[in-house]
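Below: the structure, in structure tokens.
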Amino acid sequence: MNQPIHTRSSQPGRAAARPNFSRHTLAISLALASAGAGLPNFVQAEEAAAASAVAAIALDLPAAPLGESLNALARQAGVQIIYAGALAEGRVAPALKGNYRVAEALQRLLAGSGLEARARDARTFTVARPSQERGDARMLGDVVVTAQATRSGLTEGTGSYTTGSTSAATGLNLSLRETPQSVTVVTRQRLDDQNLNSLGQALAQVPGLSVGGSSSPSSLALAPVYSRGYLLSRFQIDDAAVSPYTFSMDGAGWFGLGGLDTALYDSVTVVRGSTGLLSGNGDPSGSVNLVRKRPTDIFQASLTGTVGRWDQYRTVADFGGPLNAAGTLRGRVVAFHDEGRSWVSRQGYDRNVGYAVLDADLGKDTLLSLALEHHREKYQGIGTNAFFPVTFADTGTATPFSRSDNAATDWSDGDQEKTVASLALEHRFNDDWQAKARYSHTTFEVSGKSGGVLSLNSDGTITTFRPSLTLSPTTTRSHEWDLRLNGRYGLWGRQHDLVAGFNGYRTRLTEHKRFGRFGTSTANALNWNGSHPEPDWAEVDLENYALKTEQYGLFLGTRLRPTDDLSVILGGRLSNWKTNTFDRLTGATTDDRKESSVFTPYTGIVYDFNKSLSAYASYTEIFNPQSSKDVNGRFLDPEEGKNVELGLKGEWFGGRLNASVAVFETRKDNLAVALDNVYTPDGDFAYSAEDGTKGRGWELEVSGELAPGWQLQGGYARIVTRDADGGRLNSIYAPKHSLKLFTTWKPAAVKGLTVGGGVQWQSETNYSSYAIYATSAAQLELMRQKRFIALYRGRQP
């Protein structure tokens, strides 16, 4: 059965405590490096700015630790600076303001440090002691450094809670301040510091986002994610849009999204607001870009073990480096095993994931990448009804169940298996133009069975019980492609940026399910222990269908620079979309729709008041085909509407600190809104198409380094969605107010120590929470959290 996507507010339910305890962890990291070798830092900004190595650039760098100043210079100048981390420790670089070539800037930053810079080529520099061997630029004392340029936007090794640039919103490689939308980047450092091991946990830290369910891996496997009050279902891998079925079995954000593990990823980028320019289907919720880890140019390896309460054990192995003497072939492997139980009784999980990536330099300007990832996950005691209702159906009074009671049967379980293979080819024509082609194939298989208590009377009589079985294998196969060209061109005596491309996906889903009718049970729910006879699945209703969907289109965007202070981003996408669903038992077609030559415009304006502060505005239209059905079982028309956003953005300390404030409004027609206790002829939730719906809100966010060693990321969001009559929509998952904050401090006097903490608060909904975290260098996480569940339609979402 499909879950309700958008809902009206109903009477508020009574709060029943349900915690979101994260494990108390002890992480033990083992570095497997050469004896005496230190880990070097790799820094680089946008490679396309190579000309800045010889041309003077405007710099305004404050006095800071040497490593931070070198990082800032590399980002602003678009060059690579290679240095051993030990060399930068304890050294402070002076303030630097004015127009300098990179070599001149390095000389001033290194003045009095006893270090010197050497140029390897036009955009690669090394920093070393003068006494070190000059005959081989790869040698810095005992450390071998054969580093290649780190890709723009990667965060691993930076130690930062922000990033220098991202192309997730527009396809143009822009800084956060240059992007006319709200963007949050959860960096590798933040993921490690807070021990955010699942995508659901990471997304729960983003302002304006809310994650259903609890933080346990079992619950997150079924958790939906809402952004700005709308279900989040648009995704990218390594900046390329992919099929929604790649991450979610139903293609709508349910079943498989929140449980994804973050061990494979360099960062998680969330763009809030419509991203129809790249994805085709514009939706006001936004999109998630998962940037995977890349091979390193020196050998590195780590083995991390984590032990937590509820018999939770986790092991992650991560190693890679050059595979030949020239360093033109590099590889990396990440693998982990994760198992344990949950604070919810009879729930457990067992997950195994492997990821391998190979980078090959086919020349100095061409890079070939091959990647393969495989996921195998098993869950016990889960289902769409794992939590008891908080009120009795006959009296409306509170039920006596605790936060750990499990309403699912003891035979409820689920298996997921996914394989993703991808191929990418990048070529740089010159300093201004580059092209990239990417193809991926995903196979996603799900099987499982579930049953549980949906509603009960005060005497314990189970008034609603429904079993379901997903026969193995229910399979999704997706083909995805992305071809794009990025570059810079001259017009009217000024330089402008351009992106053009063609992308899309083709997906086939084959589903084989058996559903029991809503019924009762002879068991008494007040003495429930999960014991209930498993039904004879041959006698219950069979649902066996196949879905084919295809979406592809051309997109074009440009950033015009009429003046030094004004940027105008104009773009659009021409999309084709079609879907076909047929019953595999009867051969009858149940859905056959298509849309051709649908144009989605995008407009953004950014005005720089000064070197640190900018104002922006963006506008885009919404076109979103949907799979929700009305009471007669007919699919609703595509959602249509408009999205407007205005805001201010700030950037300080060479991009190490970013802040933003935004106001936004979304107007939507044909919004699918779940009807109370109304179902389609085949038993799914029935929806009505609501016109004139509106979402409004504002957000405030800060991310980055406030002072040397002090990282912070957090924000506040106020979001309200209403129907044409002013009634609240989507209040089950999306709170009206939310505050999220996390910070760490690395005292210079105690090497290797990290002290951190954070807080989350949100206004009352069906899910309200308060949490406190503390993280040390050993990644000990202390957390206290309360969850409140309210009754909704006699069942738990």
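For the structure tokens, the naming scheme is as follows: chains receive sequential letters (A, B, ...) according to their order of presentation, residues are indexed from 1 within each chain, and ligands are indexed from 1 in presentation order.
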
Can you list every residue in region 467-694 of chain A that DSSP puts in strand (DSSP E or B), as number ranges by chain?
A: 468-491, 494-515, 519-524, 541-560, 566-583, 589-608, 613-624, 629, 635, 639-652, 657-669, 671-679, 685-690, 693-694

Write out as a list in words the residues lying within 7 Å of Gly67 (chain A), counting only C-alpha atoms and excluding same-chain residues fewer than 3 positions away.
Leu70, Asn71 and Ala88 of chain A

In Å to one decimal, how far is CA of Arg234 (chain A) from CA of Tyr607 (chain A)?
28.6 Å

May I ask which of the residues A:Tyr616, A:Phe623, A:Tyr265, A:Phe125 is the closest one to Glu645 (chain A), counting only C-alpha atoms?
A:Tyr616

Near region 452-459 of chain A, 12 Å: region 313-422 of chain A residue rows, closest pairs, only C-alpha atoms, as a tab-separated table:
residue	atom	partner	partner_atom	distance
A:Gly381	CA	A:Gly452	CA	9.9
A:Ile382	CA	A:Gly452	CA	9.5
A:Gly383	CA	A:Gly452	CA	7.9
A:Thr384	CA	A:Gly452	CA	8.5
A:Asn385	CA	A:Gly452	CA	5.8
A:Ala386	CA	A:Gly452	CA	6.9
A:Phe387	CA	A:Val453	CA	8.2
A:Phe388	CA	A:Val453	CA	6.7
A:Pro389	CA	A:Ser455	CA	6.3
A:Val390	CA	A:Ser455	CA	9.4
A:Thr391	CA	A:Leu456	CA	8.5
A:Phe392	CA	A:Asn457	CA	5.1
A:Ala393	CA	A:Asn457	CA	5.2
A:Asp394	CA	A:Asn457	CA	5.4
A:Thr395	CA	A:Ser458	CA	6.9
A:Gly396	CA	A:Ser458	CA	8.8
A:Thr397	CA	A:Ser458	CA	8.1
A:Ala398	CA	A:Ser458	CA	9.0
A:Thr399	CA	A:Ser458	CA	7.7
A:Pro400	CA	A:Ser458	CA	9.9
A:Phe401	CA	A:Leu456	CA	11.9
A:Asp405	CA	A:Val453	CA	11.4
A:Asn406	CA	A:Gly452	CA	8.7
A:Ala407	CA	A:Gly452	CA	5.4
A:Ala408	CA	A:Gly452	CA	4.1
A:Thr409	CA	A:Gly452	CA	5.4
A:Asp410	CA	A:Gly452	CA	9.2
A:Trp411	CA	A:Gly452	CA	9.9
A:Ser412	CA	A:Gly452	CA	8.4
A:Asp413	CA	A:Gly452	CA	11.8

Which residues are close to Leu176 (chain A), i.e. within 7 Å by only C-alpha atoms, leaving aside same-chain residues fewer than 3 positions away? Reply as a list in words.
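Close residues of Leu176 (chain A): Ser165, Thr179 and Val183 of chain A.
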
Within 7 Å of region 563-580 of chain A, counting only C-alpha atoms, which residues show up once you throw out same-chain ones fewer than 6 positions away? Write them as a VMD selection string, please.
chain A and resid 277 280 547 to 557 591 to 608

Contacts of Ala707 (chain A) at 10 Å or less, counting only C-alpha atoms, minus same-chain residues fewer than 2 places along, as number ranges by chain?
A: 64, 653, 656-657, 704-705, 709-712, 745

Based on the selection just made, write N, CA, C and O atoms of those residues as a compact mmCIF listing (two decimals), in the first residue's frame.
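And here's out-v4.txt as it stands now:
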# COMPACT_ATOMS: atom_id res chain seq x y z
N ALA A 64 45.78 34.01 9.91
CA ALA A 64 45.15 32.74 10.26
C ALA A 64 46.21 31.66 10.30
O ALA A 64 47.35 31.87 9.82
N PHE A 653 36.08 35.28 5.41
CA PHE A 653 37.31 34.52 5.65
C PHE A 653 37.66 33.65 4.43
O PHE A 653 37.99 32.47 4.57
N ARG A 656 35.47 30.46 4.06
CA ARG A 656 35.42 29.47 5.13
C ARG A 656 34.18 29.60 5.99
O ARG A 656 33.84 28.67 6.74
N LEU A 657 33.47 30.72 5.91
CA LEU A 657 32.23 30.93 6.67
C LEU A 657 31.17 31.46 5.72
O LEU A 657 31.39 32.43 5.00
N GLY A 704 30.29 26.89 8.64
CA GLY A 704 31.71 27.15 8.42
C GLY A 704 32.48 27.44 9.68
O GLY A 704 32.08 27.06 10.79
N GLU A 705 33.58 28.15 9.52
CA GLU A 705 34.53 28.38 10.60
C GLU A 705 34.38 29.80 11.15
O GLU A 705 34.66 30.78 10.46
N GLY A 709 39.73 26.71 14.33
CA GLY A 709 39.38 25.53 15.09
C GLY A 709 37.94 25.43 15.51
O GLY A 709 37.53 24.42 16.09
N TRP A 710 37.13 26.46 15.26
CA TRP A 710 35.73 26.46 15.71
C TRP A 710 34.81 26.38 14.48
O TRP A 710 34.67 27.33 13.74
N GLN A 711 34.20 25.20 14.29
CA GLN A 711 33.27 24.95 13.19
C GLN A 711 31.83 24.96 13.72
O GLN A 711 31.55 24.49 14.82
N LEU A 712 30.92 25.49 12.88
CA LEU A 712 29.52 25.57 13.28
C LEU A 712 28.64 25.39 12.04
O LEU A 712 28.97 25.88 10.96
N TRP A 745 34.82 22.29 18.40
CA TRP A 745 36.00 23.12 18.68
C TRP A 745 37.20 22.21 18.85
O TRP A 745 37.15 21.21 19.58

Just the residues within 9 Å of Ser440 (chain A), please, counting only C-alpha atoms, with nothing from its chain fewer than 3 positions along; format it as a list in words.
Val242, Val420, Ala421, Ser422, Leu423, Ala424, Ser478, His479, Glu480 and Trp481 of chain A

Using Å and a single decimal, report how far CA of Glu699 (chain A) sits from CA of Leu199 (chain A).
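A separation of 21.7 Å between them.
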
Considering only helix (DSSP H, G or I) as DSSP defines it on the backbone, what residues of region 253-436 of chain A qualify? List them as a PDB file with all heavy atoms, in the first residue's frame.
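Result went into result_33.pdb, see below:
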ATOM      1  N   THR A 262      26.150   6.565   4.893  1.00  0.00           N
ATOM      2  CA  THR A 262      26.976   7.683   4.422  1.00  0.00           C
ATOM      3  C   THR A 262      28.453   7.334   4.301  1.00  0.00           C
ATOM      4  O   THR A 262      29.256   8.187   3.922  1.00  0.00           O
ATOM      5  CB  THR A 262      26.843   8.884   5.373  1.00  0.00           C
ATOM      6  OG1 THR A 262      27.267   8.492   6.688  1.00  0.00           O
ATOM      7  CG2 THR A 262      25.404   9.378   5.426  1.00  0.00           C
ATOM      8  N   ALA A 263      28.841   6.094   4.601  1.00  0.00           N
ATOM      9  CA  ALA A 263      30.257   5.728   4.541  1.00  0.00           C
ATOM     10  C   ALA A 263      30.832   5.904   3.142  1.00  0.00           C
ATOM     11  O   ALA A 263      32.042   6.094   2.987  1.00  0.00           O
ATOM     12  CB  ALA A 263      30.441   4.280   4.997  1.00  0.00           C
ATOM     13  N   LEU A 264      29.985   5.855   2.109  1.00  0.00           N
ATOM     14  CA  LEU A 264      30.455   5.936   0.727  1.00  0.00           C
ATOM     15  C   LEU A 264      30.652   7.364   0.251  1.00  0.00           C
ATOM     16  O   LEU A 264      31.243   7.579  -0.814  1.00  0.00           O
ATOM     17  CB  LEU A 264      29.454   5.259  -0.221  1.00  0.00           C
ATOM     18  CG  LEU A 264      28.931   3.880   0.142  1.00  0.00           C
ATOM     19  CD1 LEU A 264      28.046   3.359  -0.979  1.00  0.00           C
ATOM     20  CD2 LEU A 264      30.064   2.927   0.439  1.00  0.00           C
ATOM     21  N   GLY A 276      14.140  22.024 -11.298  1.00  0.00           N
ATOM     22  CA  GLY A 276      13.670  21.476 -12.557  1.00  0.00           C
ATOM     23  C   GLY A 276      14.619  21.651 -13.715  1.00  0.00           C
ATOM     24  O   GLY A 276      14.522  20.944 -14.716  1.00  0.00           O
ATOM     25  N   LEU A 277      15.564  22.594 -13.605  1.00  0.00           N
ATOM     26  CA  LEU A 277      16.509  22.815 -14.693  1.00  0.00           C
ATOM     27  C   LEU A 277      17.327  21.565 -14.969  1.00  0.00           C
ATOM     28  O   LEU A 277      17.599  21.217 -16.120  1.00  0.00           O
ATOM     29  CB  LEU A 277      17.444  23.981 -14.348  1.00  0.00           C
ATOM     30  CG  LEU A 277      18.522  24.332 -15.382  1.00  0.00           C
ATOM     31  CD1 LEU A 277      17.877  24.790 -16.683  1.00  0.00           C
ATOM     32  CD2 LEU A 277      19.449  25.408 -14.838  1.00  0.00           C
ATOM     33  N   LEU A 278      17.721  20.827 -13.905  1.00  0.00           N
ATOM     34  CA  LEU A 278      18.552  19.648 -14.071  1.00  0.00           C
ATOM     35  C   LEU A 278      17.764  18.351 -14.016  1.00  0.00           C
ATOM     36  O   LEU A 278      18.136  17.369 -14.648  1.00  0.00           O
ATOM     37  CB  LEU A 278      19.642  19.616 -12.992  1.00  0.00           C
ATOM     38  CG  LEU A 278      20.635  20.781 -12.995  1.00  0.00           C
ATOM     39  CD1 LEU A 278      21.614  20.619 -11.850  1.00  0.00           C
ATOM     40  CD2 LEU A 278      21.370  20.851 -14.321  1.00  0.00           C
ATOM     41  N   SER A 279      16.678  18.314 -13.246  1.00  0.00           N
ATOM     42  CA  SER A 279      15.980  17.050 -13.031  1.00  0.00           C
ATOM     43  C   SER A 279      14.771  16.858 -13.930  1.00  0.00           C
ATOM     44  O   SER A 279      14.264  15.749 -14.051  1.00  0.00           O
ATOM     45  CB  SER A 279      15.527  16.944 -11.572  1.00  0.00           C
ATOM     46  OG  SER A 279      14.588  17.957 -11.265  1.00  0.00           O
TER      47      SER A 279
END

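Minimum atom-to-atom distances from A:His496, A:Lys694, A:Lys378, A:Arg330 to Gly348 (chain A) were compared using only C-alpha atoms, and the lowest value belongs to A:Lys378.
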
What is the CA of Arg667 (chain A) to CA of Asn643 (chain A) distance in Å?
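Calculated distance between CA of Arg667 (chain A) and CA of Asn643 (chain A) is 6.6 Å.
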
I'd like to know which of A:Thr246, A:Ser614, A:Ser287, A:Thr366 is closest to Leu232 (chain A), using only C-alpha atoms.
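The closest residue to Leu232 (chain A) is A:Ser287.
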
Mind checking which residues fall within 7 Å of Arg376 (chain A), counting only C-alpha atoms, ignoring those fewer than 6 positions away in the same chain, and posting them as a VMD selection string?
chain A and resid 351 to 353 416 to 418

Writer output for current selection, all heavy atoms, as a PDB file, in the first residue's frame:
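Output file part.pdb is given in full below:
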ATOM      1  N   ARG A 351      23.413  -5.147   7.783  1.00  0.00           N
ATOM      2  CA  ARG A 351      23.676  -4.447   6.523  1.00  0.00           C
ATOM      3  C   ARG A 351      25.120  -4.663   6.099  1.00  0.00           C
ATOM      4  O   ARG A 351      26.036  -4.583   6.918  1.00  0.00           O
ATOM      5  CB  ARG A 351      23.388  -2.949   6.669  1.00  0.00           C
ATOM      6  CG  ARG A 351      21.990  -2.631   7.170  1.00  0.00           C
ATOM      7  CD  ARG A 351      21.707  -1.152   7.122  1.00  0.00           C
ATOM      8  NE  ARG A 351      22.629  -0.387   7.940  1.00  0.00           N
ATOM      9  CZ  ARG A 351      22.821   0.926   7.820  1.00  0.00           C
ATOM     10  NH1 ARG A 351      22.171   1.602   6.891  1.00  0.00           N
ATOM     11  NH2 ARG A 351      23.658   1.570   8.611  1.00  0.00           N
ATOM     12  N   ASN A 352      25.298  -4.910   4.806  1.00  0.00           N
ATOM     13  CA  ASN A 352      26.627  -5.064   4.232  1.00  0.00           C
ATOM     14  C   ASN A 352      26.672  -4.266   2.928  1.00  0.00           C
ATOM     15  O   ASN A 352      25.809  -4.436   2.061  1.00  0.00           O
ATOM     16  CB  ASN A 352      26.935  -6.531   3.951  1.00  0.00           C
ATOM     17  CG  ASN A 352      27.001  -7.363   5.211  1.00  0.00           C
ATOM     18  OD1 ASN A 352      28.013  -7.407   5.889  1.00  0.00           O
ATOM     19  ND2 ASN A 352      25.891  -8.029   5.543  1.00  0.00           N
ATOM     20  N   VAL A 353      27.685  -3.413   2.809  1.00  0.00           N
ATOM     21  CA  VAL A 353      27.803  -2.552   1.635  1.00  0.00           C
ATOM     22  C   VAL A 353      29.258  -2.523   1.187  1.00  0.00           C
ATOM     23  O   VAL A 353      30.176  -2.466   2.016  1.00  0.00           O
ATOM     24  CB  VAL A 353      27.313  -1.117   1.932  1.00  0.00           C
ATOM     25  CG1 VAL A 353      27.542  -0.206   0.721  1.00  0.00           C
ATOM     26  CG2 VAL A 353      25.843  -1.117   2.313  1.00  0.00           C
ATOM     27  N   GLN A 416      16.529  -5.912   1.293  1.00  0.00           N
ATOM     28  CA  GLN A 416      16.796  -5.004   0.183  1.00  0.00           C
ATOM     29  C   GLN A 416      18.167  -5.338  -0.395  1.00  0.00           C
ATOM     30  O   GLN A 416      19.122  -5.565   0.349  1.00  0.00           O
ATOM     31  CB  GLN A 416      16.786  -3.543   0.629  1.00  0.00           C
ATOM     32  CG  GLN A 416      15.457  -3.030   1.115  1.00  0.00           C
ATOM     33  CD  GLN A 416      15.497  -1.553   1.482  1.00  0.00           C
ATOM     34  OE1 GLN A 416      16.497  -0.883   1.260  1.00  0.00           O
ATOM     35  NE2 GLN A 416      14.422  -1.045   2.034  1.00  0.00           N
ATOM     36  N   GLU A 417      18.249  -5.350  -1.714  1.00  0.00           N
ATOM     37  CA  GLU A 417      19.526  -5.569  -2.374  1.00  0.00           C
ATOM     38  C   GLU A 417      19.611  -4.626  -3.565  1.00  0.00           C
ATOM     39  O   GLU A 417      18.688  -4.551  -4.378  1.00  0.00           O
ATOM     40  CB  GLU A 417      19.672  -7.014  -2.826  1.00  0.00           C
ATOM     41  CG  GLU A 417      21.045  -7.346  -3.362  1.00  0.00           C
ATOM     42  CD  GLU A 417      21.292  -8.829  -3.491  1.00  0.00           C
ATOM     43  OE1 GLU A 417      20.358  -9.614  -3.200  1.00  0.00           O
ATOM     44  OE2 GLU A 417      22.413  -9.217  -3.861  1.00  0.00           O
ATOM     45  N   LYS A 418      20.709  -3.891  -3.651  1.00  0.00           N
ATOM     46  CA  LYS A 418      20.864  -2.903  -4.711  1.00  0.00           C
ATOM     47  C   LYS A 418      22.284  -2.929  -5.248  1.00  0.00           C
ATOM     48  O   LYS A 418      23.252  -3.018  -4.487  1.00  0.00           O
ATOM     49  CB  LYS A 418      20.532  -1.496  -4.197  1.00  0.00           C
ATOM     50  CG  LYS A 418      20.647  -0.414  -5.264  1.00  0.00           C
ATOM     51  CD  LYS A 418      20.069   0.913  -4.805  1.00  0.00           C
ATOM     52  CE  LYS A 418      20.861   1.541  -3.704  1.00  0.00           C
ATOM     53  NZ  LYS A 418      20.376   2.904  -3.383  1.00  0.00           N
TER      54      LYS A 418
END

Restricting the calculation to only C-alpha atoms: of A:Gly501, A:Pro295, A:Gly697, A:Gly715, which residue gets closest to Val644 (chain A)?
A:Gly697
